[in-house]
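This report concerns only the one structure given below.
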Amino acid sequence: MTDIQLARQSWRRLEPVHGMIYFVPEATERYAALGLDFHAGYFASRGAAFGTASAELVIATFYNFCPAVVRQALPAAWKVVTPEKVIEARLDAADAALRRAGIHEIEVLAETTALARRAAEKACEQPQGRPLFAAHAALPWPSEPLLQLWHAQTLLREFRGDGHVAALLSEGVGPLDALILHGATGHVPVIFLKASRGWPEGEWAAAEERLRERGLLADDELTEQGQALRQRIEDRTDELALPAYAALEDDELARLAELARIFGRAVVGAGLLGIASS
């Protein structure tokens with residue numbers, strides 16, 4: 001049995017290597033050069049693996065964004081740029097940002113990349129029911145080791161993300177419900193979730209009231225029932241992500257978790273997530 005805690009640590013610690021692409025100026029600048037504003041750049045760059053993705057496809061697979069915000073960006077973005085150009089710009093931005101942080105100079109890059117890639121390739125054997133992951137899994141592997149690491153974590157992130165959506169659906173937690181419950185944990189500022197996902201204030205307030213009626217919220221905090229629901233969803237998400245990490249023996253998975261911490265800290269320390277080191 002794959003160690004579920006080690007698998008979660010490996011993903012969480014390495015996630016900044018991928019996640020920084022949504023915050024770094026390198027990405028915004030390259031998308032702008034293609035004629036895309038911030039929202040269009042985000043939806044087009046992450047959705048480009050589908051080809052000329054419709055707004056409906058992105059709404060379905062990204063799950064928690066306000067549909068109106070997505071429809072403002074797509075399909076209009078495809079009138080000014082091709083998916084291939086956006087994918088190229090995204091890779092270029094990832095390379096530039098990670099190099100700015102010195103990630104390419106970390107001595108254990110090759111070892112970490114090899115382990116993460118094995119897990120990602122194992123995930124690629126099981127695309128069923130994971131559409132956003134499957135679209136990214138069909139993209140070619142980059143030739144540069146630095147970008148191979150970024151691509152591997154991208155695949156592991158989307159593999160896990162599709163499983164998370166399945167867990168939310170199985171618990172009857174809709175897109176806006178998921179955001180509100182996440183915000184109520186205190187792990188992510190509610191103001192950030194509201195600004196980045198674009199839901200109107202009235203819809204947000206109405207969803208909060210529905211969650212209170214379900215006994216999941218008390219004022220703006222999770223009830224015991226709400227905490228239990230959140231934990232159940234996280235546990236199920238962890239379980240659904242395990243097939244990828246089954247590619248690694250226990251000692252290899254422990255090593256990946258150890259190495260991932262080095263890379264995650266380097267990304268955060270360089271301020272690529274908008275969080276400067278102290």
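Chain lettering (A, B, ...) mirrors the order of the structure tokens, residue numbering begins at 1 for each chain separately, and ligand numbering begins at 1 in order of display.
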*Could you tell me, as a VMD selection string, which residues of region 200-262 of chain A DSSP assigns to alpha helix (DSSP H) when given the backbone?*
chain A and resid 201 to 213 224 to 245 250 to 262
Dump of C-alpha atoms for the selected residues, as a PDB file, in the first residue's frame:
ATOM      1  CA  GLU A 201     -21.528  39.242  -3.927  1.00  0.00           C
ATOM      2  CA  GLY A 202     -25.232  38.419  -3.939  1.00  0.00           C
ATOM      3  CA  GLU A 203     -24.634  34.875  -5.153  1.00  0.00           C
ATOM      4  CA  TRP A 204     -21.858  34.416  -2.610  1.00  0.00           C
ATOM      5  CA  ALA A 205     -24.114  35.559   0.250  1.00  0.00           C
ATOM      6  CA  ALA A 206     -26.977  33.330  -0.900  1.00  0.00           C
ATOM      7  CA  ALA A 207     -24.660  30.313  -1.040  1.00  0.00           C
ATOM      8  CA  GLU A 208     -23.387  31.074   2.468  1.00  0.00           C
ATOM      9  CA  GLU A 209     -26.963  31.075   3.739  1.00  0.00           C
ATOM     10  CA  ARG A 210     -27.652  27.707   2.080  1.00  0.00           C
ATOM     11  CA  LEU A 211     -24.561  26.259   3.770  1.00  0.00           C
ATOM     12  CA  ARG A 212     -25.768  27.581   7.123  1.00  0.00           C
ATOM     13  CA  GLU A 213     -29.123  25.905   6.527  1.00  0.00           C
ATOM     14  CA  GLU A 224     -18.302  20.382  13.402  1.00  0.00           C
ATOM     15  CA  GLN A 225     -20.378  18.977  10.553  1.00  0.00           C
ATOM     16  CA  GLY A 226     -18.677  21.317   8.113  1.00  0.00           C
ATOM     17  CA  GLN A 227     -15.230  20.349   9.390  1.00  0.00           C
ATOM     18  CA  ALA A 228     -16.091  16.688   9.026  1.00  0.00           C
ATOM     19  CA  LEU A 229     -17.276  17.245   5.472  1.00  0.00           C
ATOM     20  CA  ARG A 230     -14.101  19.124   4.544  1.00  0.00           C
ATOM     21  CA  GLN A 231     -11.939  16.383   6.059  1.00  0.00           C
ATOM     22  CA  ARG A 232     -13.891  13.702   4.219  1.00  0.00           C
ATOM     23  CA  ILE A 233     -13.350  15.508   0.917  1.00  0.00           C
ATOM     24  CA  GLU A 234      -9.618  15.969   1.561  1.00  0.00           C
ATOM     25  CA  ASP A 235      -9.197  12.340   2.591  1.00  0.00           C
ATOM     26  CA  ARG A 236     -11.009  11.118  -0.518  1.00  0.00           C
ATOM     27  CA  THR A 237      -8.948  13.452  -2.702  1.00  0.00           C
ATOM     28  CA  ASP A 238      -5.770  11.990  -1.200  1.00  0.00           C
ATOM     29  CA  GLU A 239      -7.013   8.464  -1.899  1.00  0.00           C
ATOM     30  CA  LEU A 240      -7.884   9.261  -5.507  1.00  0.00           C
ATOM     31  CA  ALA A 241      -4.406  10.733  -6.073  1.00  0.00           C
ATOM     32  CA  LEU A 242      -2.621   7.610  -4.807  1.00  0.00           C
ATOM     33  CA  PRO A 243      -2.491   5.642  -8.101  1.00  0.00           C
ATOM     34  CA  ALA A 244       0.150   8.011  -9.475  1.00  0.00           C
ATOM     35  CA  TYR A 245       2.490   7.587  -6.517  1.00  0.00           C
ATOM     36  CA  ASP A 250       8.169   3.557  -0.103  1.00  0.00           C
ATOM     37  CA  ASP A 251      11.766   4.710   0.185  1.00  0.00           C
ATOM     38  CA  GLU A 252      11.564   6.463  -3.179  1.00  0.00           C
ATOM     39  CA  LEU A 253       8.355   8.225  -2.193  1.00  0.00           C
ATOM     40  CA  ALA A 254       9.939   9.315   1.073  1.00  0.00           C
ATOM     41  CA  ARG A 255      12.896  10.623  -0.901  1.00  0.00           C
ATOM     42  CA  LEU A 256      10.600  12.558  -3.259  1.00  0.00           C
ATOM     43  CA  ALA A 257       8.835  14.123  -0.275  1.00  0.00           C
ATOM     44  CA  GLU A 258      12.220  15.115   1.141  1.00  0.00           C
ATOM     45  CA  LEU A 259      13.472  16.591  -2.138  1.00  0.00           C
ATOM     46  CA  ALA A 260      10.175  18.313  -2.899  1.00  0.00           C
ATOM     47  CA  ARG A 261      10.571  20.432   0.224  1.00  0.00           C
ATOM     48  CA  ILE A 262      13.794  21.900  -1.190  1.00  0.00           C
TER      49      ILE A 262
END
Per-residue nearest contacts region 55-75 of chain A to region 178-181 of chain A, cut-off 12 Å, using only C-alpha atoms, as JSON lines:
{"residue": "A:Tyr63", "atom": "CA", "partner": "A:Ala178", "partner_atom": "CA", "distance": 9.4}
{"residue": "A:Asn64", "atom": "CA", "partner": "A:Leu179", "partner_atom": "CA", "distance": 7.0}
{"residue": "A:Phe65", "atom": "CA", "partner": "A:Leu179", "partner_atom": "CA", "distance": 9.2}
{"residue": "A:Cys66", "atom": "CA", "partner": "A:Leu179", "partner_atom": "CA", "distance": 10.9}
*Near His136 (chain A), within 12 Å and counting only C-alpha atoms, which residues show up once chain neighbours fewer than 2 positions away are dropped, as number ranges by chain?*
A: 45-51, 87, 120-121, 123-124, 127, 130-134, 138-141, 151-159, 162
